[in-house]
file final.cif (mmCIF, C-alpha atoms)
data_entry
#
loop_
_atom_site.group_PDB
_atom_site.id
_atom_site.type_symbol
_atom_site.label_atom_id
_atom_site.label_comp_id
_atom_site.auth_asym_id
_atom_site.auth_seq_id
_atom_site.Cartn_x
_atom_site.Cartn_y
_atom_site.Cartn_z
ATOM 1 C CA MET A 1 74.456 142.265 95.077
ATOM 2 C CA PRO A 2 76.149 142.555 98.463
ATOM 3 C CA ASP A 3 74.472 140.445 101.142
ATOM 4 C CA PHE A 4 74.806 142.379 104.381
ATOM 5 C CA GLU A 5 73.299 139.585 106.459
ATOM 6 C CA LYS A 6 76.134 137.344 105.283
ATOM 7 C CA ILE A 7 78.632 140.158 105.843
ATOM 8 C CA ASN A 8 77.382 140.566 109.405
ATOM 9 C CA GLU A 9 77.864 136.823 109.959
ATOM 10 C CA ILE A 10 81.426 137.037 108.627
ATOM 11 C CA TYR A 11 82.136 139.929 110.969
ATOM 12 C CA ARG A 12 80.781 138.044 113.975
ATOM 13 C CA GLU A 13 82.838 134.951 113.120
ATOM 14 C CA LYS A 14 86.039 136.999 112.728
ATOM 15 C CA LYS A 15 85.218 139.667 115.306
ATOM 16 C CA GLU A 16 88.436 139.257 117.282
ATOM 17 C CA LYS A 17 90.593 140.017 114.236
ATOM 18 C CA PHE A 18 88.408 142.928 113.110
ATOM 19 C CA GLU A 19 88.579 144.456 116.598
ATOM 20 C CA ARG A 20 92.352 144.050 116.634
ATOM 21 C CA PHE A 21 92.537 145.714 113.202
ATOM 22 C CA ARG A 22 90.496 148.630 114.542
ATOM 23 C CA GLU A 23 92.874 148.926 117.524
ATOM 24 C CA LEU A 24 95.858 149.060 115.180
ATOM 25 C CA LEU A 25 94.178 151.710 113.009
ATOM 26 C CA LEU A 26 93.548 153.921 116.021
ATOM 27 C CA ALA A 27 97.012 153.338 117.477
ATOM 28 C CA TYR A 28 98.822 154.269 114.258
ATOM 29 C CA ASN A 29 96.403 156.872 112.919
ATOM 30 C CA GLY A 30 97.891 159.923 114.641
ATOM 31 C CA LYS A 31 101.347 159.281 113.197
ATOM 32 C CA TYR A 32 100.385 157.836 109.816
ATOM 33 C CA ASN A 33 97.153 159.731 108.978
ATOM 34 C CA LEU A 34 95.291 156.581 107.930
ATOM 35 C CA THR A 35 91.626 157.520 108.327
ATOM 36 C CA THR A 36 89.336 160.348 109.403
ATOM 37 C CA ILE A 37 86.669 157.828 110.465
ATOM 38 C CA LEU A 38 87.230 157.109 114.157
ATOM 39 C CA ASP A 39 83.754 156.340 115.514
ATOM 40 C CA GLU A 40 83.391 152.595 116.112
ATOM 41 C CA LYS A 41 80.049 152.149 114.338
ATOM 42 C CA GLU A 42 80.985 154.385 111.425
ATOM 43 C CA MET A 43 84.261 152.494 110.965
ATOM 44 C CA LEU A 44 82.412 149.180 111.129
ATOM 45 C CA ILE A 45 80.016 150.078 108.326
ATOM 46 C CA LYS A 46 81.945 152.549 106.160
ATOM 47 C CA HIS A 47 85.253 150.678 106.251
ATOM 48 C CA PHE A 48 84.726 147.037 107.234
ATOM 49 C CA TYR A 49 81.258 146.306 105.819
ATOM 50 C CA ASP A 50 81.902 148.377 102.703
ATOM 51 C CA SER A 51 85.166 146.502 102.054
ATOM 52 C CA LEU A 52 83.345 143.184 102.445
ATOM 53 C CA ALA A 53 80.547 144.292 100.104
ATOM 54 C CA GLY A 54 82.588 143.099 97.124
ATOM 55 C CA GLU A 55 83.596 139.763 98.677
ATOM 56 C CA PHE A 56 81.262 137.768 96.425
ATOM 57 C CA LEU A 57 83.088 139.041 93.299
ATOM 58 C CA PHE A 58 86.489 137.553 94.177
ATOM 59 C CA PRO A 59 87.058 134.049 92.732
ATOM 60 C CA LYS A 60 88.247 131.297 95.057
ATOM 61 C CA ASN A 61 92.042 131.258 95.516
ATOM 62 C CA ALA A 62 92.383 134.431 93.452
ATOM 63 C CA ARG A 63 95.674 136.269 93.148
ATOM 64 C CA VAL A 64 94.707 139.883 93.858
ATOM 65 C CA ALA A 65 96.580 143.166 93.473
ATOM 66 C CA GLU A 66 95.386 146.231 95.327
ATOM 67 C CA VAL A 67 96.416 149.645 94.073
ATOM 68 C CA GLY A 68 96.868 152.461 96.591
ATOM 69 C CA SER A 69 96.297 150.316 99.664
ATOM 70 C CA GLY A 70 96.569 153.148 102.195
ATOM 71 C CA ALA A 71 95.091 151.849 105.458
ATOM 72 C CA GLY A 72 94.229 148.485 103.905
ATOM 73 C CA PHE A 73 90.721 148.852 102.523
ATOM 74 C CA PRO A 74 89.288 146.706 101.042
ATOM 75 C CA SER A 75 92.234 144.275 101.160
ATOM 76 C CA LEU A 76 92.670 143.565 104.867
ATOM 77 C CA PRO A 77 88.981 142.980 105.679
ATOM 78 C CA LEU A 78 88.809 140.708 102.623
ATOM 79 C CA CYS A 79 91.898 138.803 103.797
ATOM 80 C CA ILE A 80 90.379 138.386 107.261
ATOM 81 C CA ALA A 81 87.158 137.070 105.720
ATOM 82 C CA ARG A 82 88.718 134.975 102.934
ATOM 83 C CA GLU A 83 91.845 133.037 103.842
ATOM 84 C CA ASP A 84 91.986 131.641 100.281
ATOM 85 C CA LEU A 85 92.799 135.021 98.734
ATOM 86 C CA HIS A 86 96.425 135.991 98.035
ATOM 87 C CA PHE A 87 96.891 139.766 98.118
ATOM 88 C CA THR A 88 99.720 141.970 96.852
ATOM 89 C CA LEU A 89 99.277 145.444 98.316
ATOM 90 C CA ILE A 90 100.804 148.222 96.199
ATOM 91 C CA GLU A 91 101.366 151.419 98.195
ATOM 92 C CA SER A 92 103.727 154.304 97.379
ATOM 93 C CA THR A 93 104.018 155.755 100.920
ATOM 94 C CA GLY A 94 106.618 153.980 103.024
ATOM 95 C CA LYS A 95 105.052 154.577 106.434
ATOM 96 C CA LYS A 96 101.741 153.184 105.223
ATOM 97 C CA CYS A 97 103.597 150.101 103.990
ATOM 98 C CA ASP A 98 105.037 149.746 107.491
ATOM 99 C CA PHE A 99 101.514 149.860 108.920
ATOM 100 C CA LEU A 100 100.222 147.282 106.421
ATOM 101 C CA ARG A 101 103.090 144.901 107.221
ATOM 102 C CA THR A 102 102.415 145.310 110.938
ATOM 103 C CA CYS A 103 98.740 144.488 110.389
ATOM 104 C CA ALA A 104 99.541 141.417 108.281
ATOM 105 C CA LYS A 105 101.809 140.134 111.065
ATOM 106 C CA GLU A 106 99.544 141.049 114.002
ATOM 107 C CA LEU A 107 96.411 139.653 112.324
ATOM 108 C CA ASN A 108 98.205 136.509 111.118
ATOM 109 C CA LEU A 109 97.500 137.072 107.433
ATOM 110 C CA PRO A 110 100.220 135.024 105.708
ATOM 111 C CA HIS A 111 98.895 135.560 102.170
ATOM 112 C CA VAL A 112 99.602 139.306 102.191
ATOM 113 C CA THR A 113 102.617 140.835 100.435
ATOM 114 C CA VAL A 114 103.268 144.583 100.711
ATOM 115 C CA CYS A 115 105.131 146.408 97.922
ATOM 116 C CA ASN A 116 106.394 149.970 98.420
ATOM 117 C CA LEU A 117 105.832 150.931 94.791
ATOM 118 C CA ARG A 118 103.866 153.340 92.649
ATOM 119 C CA ALA A 119 101.048 151.708 90.682
ATOM 120 C CA GLU A 120 102.406 152.906 87.354
ATOM 121 C CA GLU A 121 105.772 151.324 88.207
ATOM 122 C CA ALA A 122 104.110 148.047 89.208
ATOM 123 C CA GLY A 123 102.305 147.927 85.876
ATOM 124 C CA LYS A 124 105.663 147.865 84.072
ATOM 125 C CA GLU A 125 107.199 145.140 86.255
ATOM 126 C CA SER A 126 107.337 141.812 84.422
ATOM 127 C CA ALA A 127 106.638 139.952 87.684
ATOM 128 C CA MET A 128 103.388 141.895 88.109
ATOM 129 C CA ARG A 129 102.170 142.920 84.671
ATOM 130 C CA GLU A 130 99.087 140.899 83.676
ATOM 131 C CA ARG A 131 99.751 138.404 86.501
ATOM 132 C CA PHE A 132 96.686 138.913 88.700
ATOM 133 C CA ASP A 133 93.189 137.462 88.592
ATOM 134 C CA VAL A 134 91.783 140.654 90.119
ATOM 135 C CA CYS A 135 93.029 144.184 90.723
ATOM 136 C CA CYS A 136 90.995 146.249 93.172
ATOM 137 C CA ALA A 137 91.132 149.776 94.548
ATOM 138 C CA ARG A 138 89.098 152.005 96.830
ATOM 139 C CA ALA A 139 89.181 155.811 97.024
ATOM 140 C CA VAL A 140 92.279 156.183 94.827
ATOM 141 C CA ALA A 141 91.423 158.121 91.639
ATOM 142 C CA ARG A 142 88.733 158.774 89.068
ATOM 143 C CA LEU A 143 87.859 155.701 87.051
ATOM 144 C CA ASN A 144 89.697 156.631 83.831
ATOM 145 C CA THR A 145 92.918 157.203 85.788
ATOM 146 C CA LEU A 146 92.318 154.176 87.979
ATOM 147 C CA ALA A 147 91.831 151.925 84.952
ATOM 148 C CA GLU A 148 95.281 152.875 83.681
ATOM 149 C CA TYR A 149 96.751 151.932 87.054
ATOM 150 C CA CYS A 150 94.835 148.659 87.447
ATOM 151 C CA MET A 151 94.225 147.101 84.051
ATOM 152 C CA PRO A 152 97.915 146.484 83.184
ATOM 153 C CA LEU A 153 98.135 144.294 86.314
ATOM 154 C CA VAL A 154 95.144 142.102 85.390
ATOM 155 C CA ARG A 155 95.566 138.951 83.307
ATOM 156 C CA LYS A 156 93.395 138.474 80.249
ATOM 157 C CA GLY A 157 90.174 136.960 81.553
ATOM 158 C CA GLY A 158 90.539 138.616 84.949
ATOM 159 C CA GLU A 159 88.812 141.718 86.269
ATOM 160 C CA MET A 160 89.231 145.113 87.847
ATOM 161 C CA ILE A 161 86.995 145.915 90.824
ATOM 162 C CA ALA A 162 86.716 149.581 91.814
ATOM 163 C CA TYR A 163 84.956 150.607 95.010
ATOM 164 C CA LYS A 164 83.164 153.893 94.349
ATOM 165 C CA GLY A 165 80.415 156.177 95.596
ATOM 166 C CA ARG A 166 77.974 157.380 92.941
ATOM 167 C CA ALA A 167 79.773 156.420 89.741
ATOM 168 C CA GLU A 168 77.536 157.032 86.710
ATOM 169 C CA GLU A 169 79.528 160.038 85.500
ATOM 170 C CA GLU A 170 82.899 158.336 86.024
ATOM 171 C CA ILE A 171 81.795 155.205 84.173
ATOM 172 C CA ALA A 172 80.727 157.246 81.163
ATOM 173 C CA GLU A 173 83.931 159.284 81.311
ATOM 174 C CA ALA A 174 86.108 156.136 81.473
ATOM 175 C CA LYS A 175 84.485 154.181 78.637
ATOM 176 C CA ARG A 176 87.211 154.933 76.076
ATOM 177 C CA ALA A 177 90.031 154.325 78.575
ATOM 178 C CA ILE A 178 88.607 150.957 79.589
ATOM 179 C CA GLY A 179 88.394 149.867 75.951
ATOM 180 C CA LEU A 180 91.920 151.022 75.110
ATOM 181 C CA LEU A 181 93.321 149.196 78.133
ATOM 182 C CA GLY A 182 91.722 145.873 77.182
ATOM 183 C CA GLY A 183 88.491 145.976 79.138
ATOM 184 C CA LYS A 184 84.865 145.239 78.372
ATOM 185 C CA ASP A 185 82.145 147.749 79.260
ATOM 186 C CA ALA A 186 81.996 148.424 83.009
ATOM 187 C CA GLN A 187 79.285 146.787 85.105
ATOM 188 C CA ALA A 188 77.917 148.906 87.964
ATOM 189 C CA ILE A 189 76.626 147.145 91.086
ATOM 190 C CA CYS A 190 74.855 149.772 93.173
ATOM 191 C CA TYR A 191 73.991 149.286 96.839
ATOM 192 C CA GLU A 192 73.280 151.167 100.049
ATOM 193 C CA LEU A 193 75.271 150.693 103.216
ATOM 194 C CA PRO A 194 73.256 149.683 106.293
ATOM 195 C CA GLU A 195 71.713 152.318 108.575
ATOM 196 C CA ASN A 196 71.738 155.056 105.922
ATOM 197 C CA PHE A 197 75.520 155.323 105.757
ATOM 198 C CA GLY A 198 75.464 156.116 102.065
ATOM 199 C CA GLU A 199 75.186 154.912 98.479
ATOM 200 C CA ARG A 200 78.039 152.935 96.974
ATOM 201 C CA THR A 201 78.956 151.310 93.664
ATOM 202 C CA LEU A 202 81.160 148.372 92.771
ATOM 203 C CA VAL A 203 82.480 148.928 89.256
ATOM 204 C CA VAL A 204 83.529 145.645 87.641
ATOM 205 C CA VAL A 205 85.502 145.536 84.384
ATOM 206 C CA GLN A 206 86.280 142.238 82.657
ATOM 207 C CA LYS A 207 89.606 142.163 80.807
ATOM 208 C CA ILE A 208 89.106 140.673 77.346
ATOM 209 C CA LYS A 209 92.414 141.524 75.658
ATOM 210 C CA ASN A 210 95.971 142.385 76.614
ATOM 211 C CA THR A 211 96.837 145.941 77.600
ATOM 212 C CA PRO A 212 99.032 147.730 75.014
ATOM 213 C CA GLU A 213 102.670 147.971 76.139
ATOM 214 C CA LYS A 214 102.648 151.776 76.327
ATOM 215 C CA TYR A 215 100.242 151.723 79.282
ATOM 216 C CA PRO A 216 100.620 152.778 82.037
ATOM 217 C CA ARG A 217 102.342 155.840 80.621
ATOM 218 C CA GLY A 218 104.081 156.850 83.886
ATOM 219 C CA ASN A 219 105.517 160.211 84.988
ATOM 220 C CA GLY A 220 102.148 161.184 86.445
ATOM 221 C CA LYS A 221 100.400 161.265 83.066
ATOM 222 C CA GLU A 222 97.640 158.959 84.352
ATOM 223 C CA ARG A 223 96.424 161.758 86.650
ATOM 224 C CA LYS A 224 97.591 164.871 84.809
ATOM 225 C CA ASN A 225 96.382 163.807 81.390
ATOM 226 C CA PRO A 226 93.873 160.954 81.830
ATOM 227 C CA ILE A 227 92.541 159.057 78.832
ATOM 228 C CA VAL A 228 89.245 160.611 77.705
#
call {"tool": "encode", "arguments": {"input": "final.cif", "output": "structure tokens"}}
result
Amino acid sequence: MPDFEKINEIYREKKEKFERFRELLLAYNGKYNLTTILDEKEMLIKHFYDSLAGEFLFPKNARVAEVGSGAGFPSLPLCIAREDLHFTLIESTGKKCDFLRTCAKELNLPHVTVCNLRAEEAGKESAMRERFDVCCARAVARLNTLAEYCMPLVRKGGEMIAYKGRAEEEIAEAKRAIGLLGGKDAQAICYELPENFGERTLVVVQKIKNTPEKYPRGNGKERKNPIV
């Protein structure tokens, strides 16, 4: 379970970098449409603390892919907290990639690589397919679609970590997709954000066999015709 006392300690230790990240988000938000959460406390808990809620699930020195990085959640808070993690951020929108690269430079995060690429394209790249210990995503797609984006990037023995709200329905809906893509049954870790900021779920899927070559299908089929 997430330990928010520990998370608060991490934030205090790295406060200067988190505050600089918040400044960058606000400075670029008008042009790049990165977040609707602008209040300082709400951003702290809903973005920073929520991103760090899954920190305990990431193995030491893990190679991590993030699908649909957007404004950099959960990847950038995790990189600030865990200098041992090596992140590849996969984002299809060029201006958001520019923002992510700026953040990596400004926050001195040397283990961050930004790829301007669609997730379904990344899953076909030999340099990325089944190369990562973990693939994570937050607020990208329903779980059956998300699994088709993420699982091809995860090595056998690795895991997918999806940051979700209430997820019972999505987990049931994605059961067949997870199995087809090489995953074991999803584990749901439910928690509440501090100060009544909402219920959340970390969905963890262990990869127990290789993903069949035909996945991801591409051409938007992951969203238009998800595996059910």
call {"tool": "resolve_selection", "arguments": {"input": "final.cif", "expression": "the PyMOL selection byres ((chain A and resi 99) around 12)", "output": "ChimeraX atom specification"}}
result
/A:21,24-29,31-34,69-72,76,89,91,93-98,100-107,114,116
call {"tool": "atom_distance", "arguments": {"input": "final.cif", "atom1": "CA of Phe73 in chain A", "atom2": "CA of Asn144 in chain A"}}
result
20.3 Å
call {"tool": "residues_around", "arguments": {"input": "final.cif", "residues": "range 170-176 of chain A", "least_positions_apart": "6", "cutoff": "9 Å", "atoms": "only C-alpha atoms", "output": "list in words"}}
result
Arg142, Leu143, Asn144, Thr145, Ala147, Lys184, Asp185, Ala186, Gln187, Ala188, Val203, Ile227 and Val228 of chain A
call {"tool": "resolve_selection", "arguments": {"input": "final.cif", "expression": "the PyMOL selection byres ((chain A and resi 149) around 12)", "output": "PDB file with C-alpha atoms, in the frame of the given file"}}
result
ATOM      1  CA  ALA A  65      96.580 143.166  93.473  1.00  0.00           C
ATOM      2  CA  GLU A  66      95.386 146.231  95.327  1.00  0.00           C
ATOM      3  CA  VAL A  67      96.416 149.645  94.073  1.00  0.00           C
ATOM      4  CA  GLY A  68      96.868 152.461  96.591  1.00  0.00           C
ATOM      5  CA  ILE A  90     100.804 148.222  96.199  1.00  0.00           C
ATOM      6  CA  LEU A 117     105.832 150.931  94.791  1.00  0.00           C
ATOM      7  CA  ARG A 118     103.866 153.340  92.649  1.00  0.00           C
ATOM      8  CA  ALA A 119     101.048 151.708  90.682  1.00  0.00           C
ATOM      9  CA  GLU A 120     102.406 152.906  87.354  1.00  0.00           C
ATOM     10  CA  GLU A 121     105.772 151.324  88.207  1.00  0.00           C
ATOM     11  CA  ALA A 122     104.110 148.047  89.208  1.00  0.00           C
ATOM     12  CA  GLY A 123     102.305 147.927  85.876  1.00  0.00           C
ATOM     13  CA  LYS A 124     105.663 147.865  84.072  1.00  0.00           C
ATOM     14  CA  ARG A 129     102.170 142.920  84.671  1.00  0.00           C
ATOM     15  CA  GLU A 130      99.087 140.899  83.676  1.00  0.00           C
ATOM     16  CA  CYS A 135      93.029 144.184  90.723  1.00  0.00           C
ATOM     17  CA  CYS A 136      90.995 146.249  93.172  1.00  0.00           C
ATOM     18  CA  ALA A 137      91.132 149.776  94.548  1.00  0.00           C
ATOM     19  CA  VAL A 140      92.279 156.183  94.827  1.00  0.00           C
ATOM     20  CA  ALA A 141      91.423 158.121  91.639  1.00  0.00           C
ATOM     21  CA  ARG A 142      88.733 158.774  89.068  1.00  0.00           C
ATOM     22  CA  LEU A 143      87.859 155.701  87.051  1.00  0.00           C
ATOM     23  CA  ASN A 144      89.697 156.631  83.831  1.00  0.00           C
ATOM     24  CA  THR A 145      92.918 157.203  85.788  1.00  0.00           C
ATOM     25  CA  LEU A 146      92.318 154.176  87.979  1.00  0.00           C
ATOM     26  CA  ALA A 147      91.831 151.925  84.952  1.00  0.00           C
ATOM     27  CA  GLU A 148      95.281 152.875  83.681  1.00  0.00           C
ATOM     28  CA  CYS A 150      94.835 148.659  87.447  1.00  0.00           C
ATOM     29  CA  MET A 151      94.225 147.101  84.051  1.00  0.00           C
ATOM     30  CA  PRO A 152      97.915 146.484  83.184  1.00  0.00           C
ATOM     31  CA  LEU A 153      98.135 144.294  86.314  1.00  0.00           C
ATOM     32  CA  VAL A 154      95.144 142.102  85.390  1.00  0.00           C
ATOM     33  CA  MET A 160      89.231 145.113  87.847  1.00  0.00           C
ATOM     34  CA  ALA A 162      86.716 149.581  91.814  1.00  0.00           C
ATOM     35  CA  ALA A 177      90.031 154.325  78.575  1.00  0.00           C
ATOM     36  CA  ILE A 178      88.607 150.957  79.589  1.00  0.00           C
ATOM     37  CA  LEU A 181      93.321 149.196  78.133  1.00  0.00           C
ATOM     38  CA  THR A 211      96.837 145.941  77.600  1.00  0.00           C
ATOM     39  CA  TYR A 215     100.242 151.723  79.282  1.00  0.00           C
ATOM     40  CA  PRO A 216     100.620 152.778  82.037  1.00  0.00           C
ATOM     41  CA  ARG A 217     102.342 155.840  80.621  1.00  0.00           C
ATOM     42  CA  GLY A 218     104.081 156.850  83.886  1.00  0.00           C
ATOM     43  CA  GLY A 220     102.148 161.184  86.445  1.00  0.00           C
ATOM     44  CA  LYS A 221     100.400 161.265  83.066  1.00  0.00           C
ATOM     45  CA  GLU A 222      97.640 158.959  84.352  1.00  0.00           C
ATOM     46  CA  ARG A 223      96.424 161.758  86.650  1.00  0.00           C
ATOM     47  CA  PRO A 226      93.873 160.954  81.830  1.00  0.00           C
ATOM     48  CA  ILE A 227      92.541 159.057  78.832  1.00  0.00           C
TER      49      ILE A 227
END
call {"tool": "resolve_selection", "arguments": {"input": "final.cif", "expression": "the PyMOL selection byres ((chain A and resi 2) around 8)", "output": "PyMOL selection string"}}
result
chain A and resi 1+3-4+53-56+191
call {"tool": "closest_residue", "arguments": {"input": "final.cif", "among": "A:Lys60, A:Lys207, A:Arg138, A:Lys15", "to": "His47 in chain A", "atoms": "all atoms listed in the file"}}
result
A:Arg138
call {"tool": "closest_residue", "arguments": {"input": "final.cif", "among": "A:Glu125, A:Glu195, A:Glu42, A:Glu159", "to": "Phe58 in chain A", "atoms": "all atoms listed in the file"}}
result
A:Glu159
call {"tool": "closest_residue", "arguments": {"input": "final.cif", "among": "A:Thr113, A:Gln206, A:Asn196, A:Ser51", "to": "Pro77 in chain A", "atoms": "all atoms listed in the file"}}
result
A:Ser51
call {"tool": "decode", "arguments": {"input": "final.cif", "residues": "range 196-212 of chain A", "atoms": "N, CA, C and O atoms", "output": "PDB file, in the first residue's frame"}}
result
ATOM      1  N   ASN A 196      -9.029  13.787   1.637  1.00  0.00           N
ATOM      2  CA  ASN A 196     -10.251  13.519   0.877  1.00  0.00           C
ATOM      3  C   ASN A 196     -10.172  13.965  -0.583  1.00  0.00           C
ATOM      4  O   ASN A 196     -11.168  14.423  -1.156  1.00  0.00           O
ATOM      5  N   PHE A 197      -9.006  13.794  -1.188  1.00  0.00           N
ATOM      6  CA  PHE A 197      -8.847  14.169  -2.589  1.00  0.00           C
ATOM      7  C   PHE A 197      -9.187  13.036  -3.553  1.00  0.00           C
ATOM      8  O   PHE A 197      -8.927  13.148  -4.746  1.00  0.00           O
ATOM      9  N   GLY A 198      -9.761  11.949  -3.044  1.00  0.00           N
ATOM     10  CA  GLY A 198     -10.295  10.959  -3.953  1.00  0.00           C
ATOM     11  C   GLY A 198      -9.723   9.564  -3.808  1.00  0.00           C
ATOM     12  O   GLY A 198      -8.650   9.364  -3.232  1.00  0.00           O
ATOM     13  N   GLU A 199     -10.487   8.592  -4.345  1.00  0.00           N
ATOM     14  CA  GLU A 199     -10.073   7.193  -4.343  1.00  0.00           C
ATOM     15  C   GLU A 199      -9.278   6.890  -5.606  1.00  0.00           C
ATOM     16  O   GLU A 199      -9.593   7.373  -6.687  1.00  0.00           O
ATOM     17  N   ARG A 200      -8.249   6.080  -5.446  1.00  0.00           N
ATOM     18  CA  ARG A 200      -7.380   5.727  -6.560  1.00  0.00           C
ATOM     19  C   ARG A 200      -7.063   4.231  -6.525  1.00  0.00           C
ATOM     20  O   ARG A 200      -7.202   3.573  -5.487  1.00  0.00           O
ATOM     21  N   THR A 201      -6.597   3.726  -7.650  1.00  0.00           N
ATOM     22  CA  THR A 201      -6.206   2.317  -7.757  1.00  0.00           C
ATOM     23  C   THR A 201      -4.930   2.206  -8.571  1.00  0.00           C
ATOM     24  O   THR A 201      -4.812   2.826  -9.640  1.00  0.00           O
ATOM     25  N   LEU A 202      -3.990   1.425  -8.064  1.00  0.00           N
ATOM     26  CA  LEU A 202      -2.838   1.004  -8.860  1.00  0.00           C
ATOM     27  C   LEU A 202      -3.145  -0.395  -9.372  1.00  0.00           C
ATOM     28  O   LEU A 202      -3.389  -1.313  -8.584  1.00  0.00           O
ATOM     29  N   VAL A 203      -3.181  -0.553 -10.689  1.00  0.00           N
ATOM     30  CA  VAL A 203      -3.437  -1.852 -11.289  1.00  0.00           C
ATOM     31  C   VAL A 203      -2.097  -2.421 -11.750  1.00  0.00           C
ATOM     32  O   VAL A 203      -1.416  -1.823 -12.588  1.00  0.00           O
ATOM     33  N   VAL A 204      -1.722  -3.559 -11.183  1.00  0.00           N
ATOM     34  CA  VAL A 204      -0.419  -4.164 -11.469  1.00  0.00           C
ATOM     35  C   VAL A 204      -0.632  -5.489 -12.196  1.00  0.00           C
ATOM     36  O   VAL A 204      -1.370  -6.358 -11.723  1.00  0.00           O
ATOM     37  N   VAL A 205       0.016  -5.641 -13.344  1.00  0.00           N
ATOM     38  CA  VAL A 205      -0.096  -6.859 -14.142  1.00  0.00           C
ATOM     39  C   VAL A 205       1.301  -7.433 -14.361  1.00  0.00           C
ATOM     40  O   VAL A 205       2.159  -6.776 -14.961  1.00  0.00           O
ATOM     41  N   GLN A 206       1.533  -8.639 -13.871  1.00  0.00           N
ATOM     42  CA  GLN A 206       2.793  -9.333 -14.112  1.00  0.00           C
ATOM     43  C   GLN A 206       2.762  -9.955 -15.510  1.00  0.00           C
ATOM     44  O   GLN A 206       1.756 -10.529 -15.922  1.00  0.00           O
ATOM     45  N   LYS A 207       3.876  -9.847 -16.230  1.00  0.00           N
ATOM     46  CA  LYS A 207       3.962 -10.446 -17.559  1.00  0.00           C
ATOM     47  C   LYS A 207       4.614 -11.818 -17.437  1.00  0.00           C
ATOM     48  O   LYS A 207       5.763 -11.928 -17.013  1.00  0.00           O
ATOM     49  N   ILE A 208       3.870 -12.854 -17.812  1.00  0.00           N
ATOM     50  CA  ILE A 208       4.361 -14.226 -17.611  1.00  0.00           C
ATOM     51  C   ILE A 208       4.708 -14.936 -18.917  1.00  0.00           C
ATOM     52  O   ILE A 208       5.280 -16.023 -18.904  1.00  0.00           O
ATOM     53  N   LYS A 209       4.357 -14.322 -20.050  1.00  0.00           N
ATOM     54  CA  LYS A 209       4.744 -14.908 -21.341  1.00  0.00           C
ATOM     55  C   LYS A 209       4.858 -13.793 -22.371  1.00  0.00           C
ATOM     56  O   LYS A 209       4.359 -12.689 -22.167  1.00  0.00           O
ATOM     57  N   ASN A 210       5.544 -14.081 -23.461  1.00  0.00           N
ATOM     58  CA  ASN A 210       5.751 -13.074 -24.492  1.00  0.00           C
ATOM     59  C   ASN A 210       4.449 -12.670 -25.161  1.00  0.00           C
ATOM     60  O   ASN A 210       3.531 -13.474 -25.304  1.00  0.00           O
ATOM     61  N   THR A 211       4.387 -11.408 -25.570  1.00  0.00           N
ATOM     62  CA  THR A 211       3.217 -10.897 -26.283  1.00  0.00           C
ATOM     63  C   THR A 211       3.253 -11.377 -27.728  1.00  0.00           C
ATOM     64  O   THR A 211       4.283 -11.267 -28.400  1.00  0.00           O
ATOM     65  N   PRO A 212       2.142 -11.922 -28.243  1.00  0.00           N
ATOM     66  CA  PRO A 212       2.109 -12.341 -29.659  1.00  0.00           C
ATOM     67  C   PRO A 212       2.479 -11.196 -30.594  1.00  0.00           C
ATOM     68  O   PRO A 212       2.145 -10.035 -30.350  1.00  0.00           O
TER      69      PRO A 212
END
